[in-house]
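Coordinates from protein17.cif are shown below (mmCIF, C-alpha atoms and all ligand atoms).
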data_upload
#
loop_
_atom_site.label_atom_id
_atom_site.label_comp_id
_atom_site.auth_asym_id
_atom_site.auth_seq_id
_atom_site.Cartn_x
_atom_site.Cartn_y
_atom_site.Cartn_z
CA MET P 1 -51.12 154.38 -70.20
CA PHE P 2 -52.72 151.40 -71.96
CA LYS P 3 -54.74 153.81 -74.14
CA SER P 4 -51.70 155.77 -75.27
CA PHE P 5 -49.87 152.49 -75.90
CA LEU P 6 -52.82 151.26 -77.95
CA PHE P 7 -53.04 154.56 -79.84
CA PHE P 8 -49.30 154.44 -80.55
CA GLY P 9 -49.63 150.79 -81.62
CA LEU P 10 -52.50 151.49 -84.01
CA GLN P 11 -50.72 154.57 -85.38
CA SER P 12 -47.47 152.73 -86.05
CA ALA P 13 -49.34 149.81 -87.59
CA SER P 14 -51.20 152.22 -89.86
CA PHE P 15 -47.90 153.85 -90.91
CA VAL P 16 -46.46 150.42 -91.71
CA LEU P 17 -49.54 149.58 -93.82
CA ILE P 18 -49.35 152.96 -95.60
CA TYR P 19 -45.60 152.46 -96.23
CA VAL P 20 -46.28 149.01 -97.73
CA SER P 21 -48.95 150.51 -100.00
CA LEU P 22 -46.69 153.31 -101.17
CA SER P 23 -43.83 150.95 -101.87
CA TYR P 24 -46.23 149.00 -104.07
CA ASN P 25 -47.04 152.32 -105.77
CA GLN P 26 -50.66 152.18 -104.67
CA LYS P 27 -52.89 154.74 -103.01
CA PRO P 28 -53.25 153.50 -99.41
CA MET P 29 -56.80 152.28 -98.77
CA LEU P 30 -57.28 151.96 -95.02
CA ALA P 31 -60.36 151.66 -92.87
CA PHE P 32 -60.69 151.92 -89.11
CA ALA P 33 -63.51 149.53 -88.17
CA ASN P 34 -64.99 150.40 -84.77
CA ALA P 35 -66.88 148.24 -82.27
CA LYS P 36 -70.46 148.65 -81.00
CA ILE P 37 -72.27 148.25 -77.71
CA ASN P 38 -75.94 147.44 -77.12
CA LEU P 39 -77.93 149.90 -75.00
CA GLY P 40 -80.63 147.48 -73.82
CA LEU P 41 -81.46 144.26 -75.64
CA HIS P 42 -84.77 142.35 -75.70
CA VAL P 43 -84.96 138.96 -77.40
CA THR P 44 -88.61 138.98 -78.44
CA GLY P 45 -89.21 135.75 -80.37
CA LYS P 46 -87.81 132.76 -82.24
CA ARG P 47 -88.03 132.92 -86.04
CA ALA P 48 -88.76 130.21 -88.58
CA ASP P 49 -85.21 130.62 -90.02
CA GLY P 50 -83.68 129.62 -86.64
CA TYR P 51 -82.66 133.19 -85.79
CA HIS P 52 -84.28 135.34 -83.07
CA ASN P 53 -86.14 138.61 -83.30
CA LEU P 54 -84.78 141.26 -81.00
CA GLU P 55 -84.89 144.95 -80.26
CA THR P 56 -81.80 146.87 -79.24
CA ILE P 57 -80.04 150.20 -79.60
CA PHE P 58 -76.69 149.88 -81.37
CA TYR P 59 -74.18 152.51 -80.32
CA PRO P 60 -70.71 152.87 -81.96
CA VAL P 61 -67.67 153.00 -79.65
CA LYS P 62 -64.03 154.00 -80.17
CA ILE P 63 -62.17 150.67 -80.26
CA TYR P 64 -60.77 149.92 -83.69
CA ASP P 65 -59.50 147.23 -86.04
CA VAL P 66 -57.46 148.45 -89.02
CA ILE P 67 -58.14 146.99 -92.48
CA GLU P 68 -56.18 147.57 -95.65
CA THR P 69 -56.78 146.27 -99.16
CA LEU P 70 -53.98 146.19 -101.74
CA ASP P 71 -53.92 145.06 -105.38
CA ALA P 72 -52.12 141.70 -105.61
CA GLU P 73 -51.40 138.77 -107.94
CA VAL P 74 -53.65 136.43 -105.96
CA LEU P 75 -56.24 136.87 -103.23
CA SER P 76 -54.74 136.58 -99.74
CA CYS P 77 -55.37 137.70 -96.17
CA THR P 78 -52.92 138.48 -93.37
CA ILE P 79 -54.00 138.92 -89.76
CA ARG P 80 -51.93 140.67 -87.10
CA GLY P 81 -52.75 141.56 -83.49
CA THR P 82 -55.25 139.51 -81.48
CA ASP P 83 -55.48 135.86 -82.54
CA ILE P 84 -58.76 134.98 -84.27
CA PRO P 85 -59.98 131.43 -83.59
CA GLY P 86 -60.43 129.32 -86.72
CA ASP P 87 -58.82 129.26 -90.14
CA THR P 88 -57.82 132.56 -91.82
CA LYS P 89 -59.50 131.37 -95.03
CA ASP P 90 -62.85 131.50 -93.16
CA ASN P 91 -62.29 135.06 -92.00
CA ILE P 92 -65.31 137.25 -92.50
CA CYS P 93 -63.17 139.74 -94.50
CA LEU P 94 -62.59 137.10 -97.19
CA ARG P 95 -66.31 136.24 -97.11
CA ALA P 96 -67.12 139.92 -97.68
CA TYR P 97 -64.66 140.10 -100.61
CA HIS P 98 -66.16 136.96 -102.24
CA LEU P 99 -69.68 138.31 -101.79
CA LEU P 100 -68.87 141.44 -103.82
CA LYS P 101 -66.68 139.49 -106.27
CA ASN P 102 -69.78 137.41 -107.19
CA ASP P 103 -71.39 140.57 -108.60
CA PHE P 104 -68.42 142.73 -109.65
CA ASP P 105 -65.22 142.15 -111.58
CA LEU P 106 -62.89 142.75 -108.62
CA PRO P 107 -59.15 142.15 -109.14
CA PRO P 108 -57.35 139.97 -106.55
CA GLN P 109 -56.53 141.79 -103.31
CA HIS P 110 -54.18 141.36 -100.41
CA LEU P 111 -56.26 142.04 -97.29
CA CYS P 112 -54.40 143.08 -94.12
CA LEU P 113 -56.31 143.05 -90.85
CA LEU P 114 -54.89 144.41 -87.62
CA LYS P 115 -57.18 142.84 -85.00
CA ASN P 116 -57.68 144.79 -81.81
CA ILE P 117 -61.42 144.53 -81.01
CA PRO P 118 -61.89 141.69 -78.47
CA ILE P 119 -63.52 138.54 -79.91
CA GLY P 120 -66.50 136.71 -78.40
CA ALA P 121 -67.21 139.88 -76.49
CA GLY P 122 -70.54 141.16 -77.86
CA LEU P 123 -68.74 144.04 -79.57
CA GLY P 124 -69.53 142.99 -83.16
CA GLY P 125 -65.87 143.10 -84.20
CA GLY P 126 -66.11 140.57 -87.03
CA SER P 127 -69.24 142.24 -88.37
CA ALA P 128 -67.52 145.64 -88.26
CA ASP P 129 -64.54 144.33 -90.27
CA ALA P 130 -66.84 142.94 -92.96
CA ALA P 131 -68.95 146.10 -93.23
CA PHE P 132 -65.92 148.41 -93.36
CA LEU P 133 -64.30 146.24 -96.04
CA ILE P 134 -67.49 146.45 -98.14
CA LYS P 135 -67.30 150.26 -97.84
CA LEU P 136 -63.58 150.22 -98.69
CA LEU P 137 -64.04 148.05 -101.80
CA ASN P 138 -67.00 150.19 -102.86
CA GLU P 139 -64.78 153.28 -102.70
CA LYS P 140 -61.63 151.73 -104.18
CA PHE P 141 -63.35 150.18 -107.20
CA ARG P 142 -65.99 152.92 -107.61
CA LEU P 143 -68.82 150.38 -107.41
CA SER P 144 -71.34 153.21 -106.74
CA LEU P 145 -73.22 151.13 -104.18
CA SER P 146 -75.69 153.08 -102.05
CA ASN P 147 -75.85 152.61 -98.28
CA GLU P 148 -79.00 150.51 -98.77
CA GLN P 149 -77.23 148.24 -101.27
CA MET P 150 -74.19 147.86 -99.00
CA GLU P 151 -76.53 147.04 -96.08
CA ASP P 152 -78.10 144.28 -98.21
CA TYR P 153 -74.67 142.75 -98.80
CA ALA P 154 -73.75 143.13 -95.12
CA ARG P 155 -76.97 141.42 -93.95
CA LYS P 156 -75.83 138.26 -95.73
CA LEU P 157 -72.67 138.10 -93.61
CA GLY P 158 -74.05 138.55 -90.10
CA ALA P 159 -77.10 139.80 -88.23
CA ASP P 160 -75.44 142.94 -86.84
CA CYS P 161 -73.17 143.59 -89.82
CA ALA P 162 -75.54 146.02 -91.61
CA PHE P 163 -75.44 148.45 -88.67
CA PHE P 164 -71.78 149.24 -89.37
CA ILE P 165 -72.49 150.56 -92.87
CA ARG P 166 -73.99 153.83 -91.57
CA ASN P 167 -72.38 153.30 -88.17
CA GLU P 168 -74.66 155.71 -86.28
CA ALA P 169 -76.72 155.03 -83.15
CA VAL P 170 -79.95 153.28 -84.23
CA TYR P 171 -82.92 151.37 -82.87
CA ALA P 172 -82.66 147.88 -84.43
CA GLU P 173 -85.26 145.15 -84.67
CA GLY P 174 -85.88 141.95 -86.66
CA LYS P 175 -82.64 139.92 -86.68
CA GLY P 176 -80.89 143.13 -85.66
CA ASP P 177 -80.78 144.43 -89.22
CA GLU P 178 -83.90 146.61 -89.54
CA PHE P 179 -83.23 150.14 -88.41
CA SER P 180 -85.03 153.27 -87.33
CA GLU P 181 -83.55 156.55 -86.21
CA VAL P 182 -82.91 157.26 -82.58
CA SER P 183 -81.50 160.42 -81.12
CA ILE P 184 -78.92 159.51 -78.51
CA ASP P 185 -75.54 161.05 -77.82
CA LEU P 186 -73.28 159.94 -74.95
CA ASN P 187 -70.38 162.22 -75.89
CA GLU P 188 -70.54 164.18 -72.65
CA TYR P 189 -70.04 160.97 -70.62
CA PHE P 190 -67.00 158.76 -69.96
CA LEU P 191 -67.50 155.24 -71.33
CA VAL P 192 -65.49 152.29 -70.04
CA LEU P 193 -65.39 148.73 -71.43
CA VAL P 194 -64.23 145.75 -69.40
CA LYS P 195 -63.31 142.53 -71.20
CA PRO P 196 -62.78 139.48 -68.98
CA GLY P 197 -60.84 136.51 -70.29
CA ILE P 198 -64.08 134.72 -71.19
CA HIS P 199 -65.25 133.96 -74.74
CA VAL P 200 -69.05 133.74 -75.06
CA SER P 201 -70.34 132.09 -78.23
CA THR P 202 -73.24 134.09 -79.72
CA ALA P 203 -75.15 131.00 -80.87
CA GLU P 204 -74.82 129.38 -77.42
CA ALA P 205 -76.02 132.57 -75.71
CA TYR P 206 -79.14 132.67 -77.90
CA ASP P 207 -79.79 129.00 -77.02
CA GLY P 208 -79.88 129.97 -73.32
CA ILE P 209 -82.70 132.50 -73.82
CA LYS P 210 -86.45 132.22 -73.47
CA PRO P 211 -87.81 134.94 -75.78
CA ALA P 212 -90.46 137.26 -74.37
CA LEU P 213 -92.19 140.46 -75.45
CA PRO P 214 -91.16 143.39 -73.24
CA VAL P 215 -93.73 145.35 -71.24
CA THR P 216 -92.28 148.59 -72.62
CA SER P 217 -90.36 148.84 -75.87
CA LEU P 218 -86.77 150.06 -75.87
CA LYS P 219 -87.94 152.70 -78.34
CA ASP P 220 -89.62 154.37 -75.33
CA LEU P 221 -87.22 153.31 -72.55
CA ILE P 222 -84.23 154.85 -74.29
CA HIS P 223 -85.68 158.35 -73.83
CA LEU P 224 -85.78 158.02 -70.04
CA PRO P 225 -83.17 160.05 -68.16
CA LEU P 226 -79.84 158.20 -67.87
CA SER P 227 -80.34 157.94 -64.10
CA ASP P 228 -83.38 155.68 -64.73
CA TRP P 229 -81.61 153.28 -67.07
CA LYS P 230 -80.24 151.17 -64.19
CA ALA P 231 -83.78 150.22 -63.18
CA GLU P 232 -85.33 150.08 -66.65
CA LEU P 233 -82.83 149.17 -69.40
CA LYS P 234 -82.17 145.41 -69.52
CA ASN P 235 -80.07 143.07 -71.61
CA ASP P 236 -81.97 139.75 -71.81
CA PHE P 237 -78.71 137.81 -72.21
CA GLU P 238 -77.48 138.76 -68.75
CA ALA P 239 -79.56 136.28 -66.71
CA SER P 240 -78.31 133.11 -68.42
CA VAL P 241 -74.76 134.35 -69.10
CA PHE P 242 -74.32 135.59 -65.48
CA LEU P 243 -75.54 132.21 -64.21
CA LYS P 244 -72.83 130.46 -66.22
CA TYR P 245 -70.11 133.09 -65.61
CA PRO P 246 -70.66 134.86 -62.24
CA GLU P 247 -67.36 136.74 -62.85
CA ILE P 248 -69.15 138.82 -65.49
CA GLU P 249 -71.88 139.84 -63.05
CA ASN P 250 -69.17 140.73 -60.52
CA ILE P 251 -67.66 143.12 -63.05
CA LYS P 252 -71.02 144.84 -63.54
CA ASN P 253 -71.48 145.16 -59.75
CA ASN P 254 -67.94 146.48 -59.40
CA LEU P 255 -68.63 149.17 -62.03
CA TYR P 256 -71.73 150.33 -60.12
CA HIS P 257 -69.70 150.26 -56.92
CA ASN P 258 -67.23 152.61 -58.61
CA GLY P 259 -69.96 155.13 -59.42
CA ALA P 260 -71.25 154.15 -62.87
CA ILE P 261 -74.58 155.76 -63.81
CA TYR P 262 -75.36 152.73 -65.95
CA ALA P 263 -73.58 149.41 -66.54
CA SER P 264 -74.54 146.45 -68.72
CA MET P 265 -73.17 143.49 -70.60
CA SER P 266 -72.92 144.23 -74.34
CA GLY P 267 -74.78 141.89 -76.72
CA SER P 268 -74.23 138.26 -75.81
CA GLY P 269 -71.16 139.14 -73.71
CA SER P 270 -68.60 138.75 -72.28
CA CYS P 271 -67.78 142.47 -72.37
CA VAL P 272 -69.37 144.82 -69.82
CA TYR P 273 -69.54 148.58 -70.40
CA ALA P 274 -70.27 151.41 -68.01
CA ILE P 275 -71.27 155.04 -68.39
CA PHE P 276 -69.64 157.45 -65.94
CA LYS P 277 -70.24 161.16 -65.46
CA SER P 278 -66.48 161.86 -65.55
CA ALA P 279 -63.12 160.11 -66.02
CA VAL P 280 -62.31 157.15 -63.74
CA LYS P 281 -59.46 154.71 -63.22
CA LEU P 282 -60.26 151.13 -62.26
CA PRO P 283 -56.98 149.46 -61.16
CA GLU P 284 -58.79 146.64 -59.37
CA LEU P 285 -60.60 145.58 -62.56
CA GLU P 286 -57.40 146.01 -64.59
CA ARG P 287 -55.74 143.25 -62.57
CA THR P 288 -57.78 140.45 -64.14
CA ASN P 289 -59.44 142.08 -67.18
CA LYS P 290 -58.61 144.23 -70.18
CA VAL P 291 -60.04 147.69 -69.50
CA PHE P 292 -60.67 150.21 -72.31
CA TYR P 293 -61.14 153.81 -71.12
CA ASN P 294 -63.01 156.64 -72.84
CA VAL P 295 -64.33 154.53 -75.72
C1 LIG D 301 -75.97 139.34 -79.83
C2 LIG D 301 -75.77 140.46 -80.81
O1 LIG D 301 -74.43 140.92 -80.77
C3 LIG D 301 -76.64 141.64 -80.43
O2 LIG D 301 -76.26 142.80 -81.10
C4 LIG D 301 -76.10 140.03 -82.25
O3 LIG D 301 -77.45 139.60 -82.33
C5 LIG D 301 -75.18 138.96 -82.80
O4 LIG D 301 -75.16 139.13 -84.16
P1 LIG D 301 -74.05 138.41 -85.09
O5 LIG D 301 -72.82 138.12 -84.28
O6 LIG D 301 -73.92 139.23 -86.33
O7 LIG D 301 -74.77 137.05 -85.37
P2 LIG D 301 -74.59 136.03 -86.60
O8 LIG D 301 -73.13 135.87 -86.86
O9 LIG D 301 -75.47 136.46 -87.73
O10 LIG D 301 -75.21 134.72 -85.96
C6 LIG D 301 -74.54 133.88 -85.06
C7 LIG D 301 -75.57 132.95 -84.43
O11 LIG D 301 -76.33 133.69 -83.43
C8 LIG D 301 -77.69 133.33 -83.45
N1 LIG D 301 -78.50 134.53 -83.73
C9 LIG D 301 -77.93 135.69 -84.14
C10 LIG D 301 -78.70 136.83 -84.34
C11 LIG D 301 -80.09 136.74 -84.11
N2 LIG D 301 -80.88 137.82 -84.30
N3 LIG D 301 -80.65 135.57 -83.71
C12 LIG D 301 -79.88 134.47 -83.49
O12 LIG D 301 -80.41 133.42 -83.11
C13 LIG D 301 -77.83 132.25 -84.51
O13 LIG D 301 -77.74 131.00 -83.84
C14 LIG D 301 -76.63 132.45 -85.41
O14 LIG D 301 -76.20 131.27 -86.02
N1 LIG D 302 -62.47 139.41 -88.74
C1 LIG D 302 -62.95 138.71 -87.70
N2 LIG D 302 -62.89 139.22 -86.46
C2 LIG D 302 -63.38 138.53 -85.40
N3 LIG D 302 -63.92 137.31 -85.47
C3 LIG D 302 -64.00 136.73 -86.70
C4 LIG D 302 -63.50 137.42 -87.85
N4 LIG D 302 -63.72 136.63 -88.90
C5 LIG D 302 -64.31 135.51 -88.44
N5 LIG D 302 -64.48 135.56 -87.12
C6 LIG D 302 -65.12 134.53 -86.27
O1 LIG D 302 -66.29 135.13 -85.64
C7 LIG D 302 -66.37 134.78 -84.26
C8 LIG D 302 -66.85 135.95 -83.36
O2 LIG D 302 -67.04 137.17 -84.05
P1 LIG D 302 -67.35 138.56 -83.31
O3 LIG D 302 -66.10 139.13 -82.73
O4 LIG D 302 -68.14 139.39 -84.28
O5 LIG D 302 -68.32 138.10 -82.18
P2 LIG D 302 -68.71 138.78 -80.89
O6 LIG D 302 -67.55 139.46 -80.24
O7 LIG D 302 -69.40 137.74 -80.09
O8 LIG D 302 -69.68 139.95 -81.33
P3 LIG D 302 -71.24 139.90 -81.71
O9 LIG D 302 -71.84 138.66 -81.20
O10 LIG D 302 -71.78 141.13 -81.10
O11 LIG D 302 -71.21 139.99 -83.24
C9 LIG D 302 -64.98 134.34 -83.86
O12 LIG D 302 -65.08 133.17 -83.08
C10 LIG D 302 -64.20 134.08 -85.17
O13 LIG D 302 -63.94 132.71 -85.36
#

Take the structure in the file and give it back as structure tokens.
Amino acid sequence: MFKSFLFFGLQSASFVLIYVSLSYNQKPMLAFANAKINLGLHVTGKRADGYHNLETIFYPVKIYDVIETLDAEVLSCTIRGTDIPGDTKDNICLRAYHLLKNDFDLPPQHLCLLKNIPIGAGLGGGSADAAFLIKLLNEKFRLSLSNEQMEDYARKLGADCAFFIRNEAVYAEGKGDEFSEVSIDLNEYFLVLVKPGIHVSTAEAYDGIKPALPVTSLKDLIHLPLSDWKAELKNDFEASVFLKYPEIENIKNNLYHNGAIYASMSGSGSCVYAIFKSAVKLPELERTNKVFYNV
């Protein structure tokens, strides 16, 4: 029910954006920026630049923001949907525009963002918006940037932003922006995301971590059968975040109780995802959380 409502909402919003574009006599330039989850996450060391080294598998999931860019007299940005904390002028979409504008003669744009991906959830929503806008501007203004060049721009905006340029499952290391191929496909499973009403700050979550080298790298662990992931695949953020917010651990336990093959917090939280063999309905979790089915 929620999913069809969401689908209808996104569809109608897209039609409105397309209608606005056409009435301005412009080709509609829309992007659907999806979220990600982390399949395992090891924080392996503290870096001299204040960031942390990590290893993780990024996996794209089907929850979307919608972004449109329109020619305009002056640069502006409108946000609809979920409220984003902070000032609109600091939105990462505007930062992405300015980054490209430094190197290319871009005309002013009106950026429209329909925000749907939960914020402070470990789903990389802000990073996705920025990466998809870079791809959109590259296409609209025929900048001829390669994926590598767009990844270099994205890296400047956020540690996990570069992933969304290619937007395929990858093994990531370094700050989360150095990639190698990994062959993983969860299409035959039913993925569920649970977002409690808790906002976890990424910087704070990193502060709560004591980095350590893993006994076995995720590069190897990820090839274990899915049934072994529960015992082997860990997210290092869980210990400190669960201590502060036991509700998040309860969600993970509830998902296992309901038959999940694997459940984990994504990134620095607060979102928890679960992999099921087939479709499920979780009314108990829906009472106090936002639940996204079949993502
Ligand atoms: C937790 C993850 O979602 C896992 O995928 C990401 O590492 C977060 O990446 P992100 O949101 O793109 O992070 P950024 O916006 O670049 O950084 C936010 C803050 O998180 C901390 N940070 C982030 C990434 C990283 N590898 N080490 C860090 O210590 C830093 O304090 C930084 O100031
Ligand atoms: N377009 C945007 N969408 C979401 N957040 C944005 C955006 N632009 C700026 N921000 C700021 O970024 C912060 C969180 O971003 P984001 O949603 O990427 O974090 P997250 O859900 O913790 O994911 P992750 O840590 O995995 O990147 C918000 O507090 C908000 O102030």

Mind listing the residues within 6 Å of ligand LIG 302 (chain D), all atoms listed in the file counted, as a PyMOL selection string?
chain P and resi 84-86+91-93+119-127+129+202+267-268

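Here the question is which of P:Asn167, P:Asn254, P:Ser266, P:Asn187 gets nearest to ligand LIG 301 (chain D) using all atoms listed in the file, and that residue is P:Ser266.
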
*Any idea what's packed within 12 Å of region 94-100 of chain P, counting all atoms listed in the file, ignoring anything in its chain fewer than 5 positions away? Could you give it as number ranges by chain?*
P: 67, 69, 75-79, 87-89, 105-113, 126-138, 141, 143, 145, 149-158, 161

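You can rank P:Ile198, P:Val241, P:Ala231, P:Ala203 by their closest distance to ligand LIG 301 (chain D) using all atoms listed in the file, and at the top of that list sits P:Ala203.
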
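Distance check against ligand LIG 301 (chain D) using only C-alpha atoms and all ligand atoms: of P:Ser201, P:Thr82, P:Asn116, P:Asn253, the minimum falls on P:Ser201.
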
Might you pull out every residue within 7 Å of Asn294 (chain P), with all atoms listed in the file counted and same-chain residues fewer than 4 positions away left off, and present them as a PyMOL selection string?
-> chain P and resi 190-192

Counting only C-alpha atoms and all ligand atoms, closest pick from P:Pro225, P:Pro214, P:Gly176, P:Pro60 relative to ligand LIG 301 (chain D) is P:Gly176

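When only C-alpha atoms and all ligand atoms are used to compute distances to ligand LIG 301 (chain D), the closest of the residues P:Leu233, P:Leu213, P:Leu30, P:Leu41 turns out to be P:Leu41.
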
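The gap separating CA of Asp177 (chain P) from CA of Asn53 (chain P) is 9.9 Å, in Å to one decimal.
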
Env of Ile251 (chain P): 12 Å cut, atoms = all atoms listed in the file, seq-sep filter 2 positions within chain, self excluded. Answer as a PyMOL selection string. chain P and resi 192-197+242+245-249+253-258+260+263-265+269-274+282+284-291

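The spacing separating CA of Phe58 (chain P) from CA of Glu168 (chain P) amounts to 7.9 Å.
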
With distances taken over all atoms listed in the file, the candidate from P:Lys219, P:Arg166, P:Arg80, P:Lys210 nearest ligand LIG 301 (chain D) is P:Lys210

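For the pair CA of Val61 (chain P) and CA of Phe163 (chain P), the interatomic distance is 12.7 Å.
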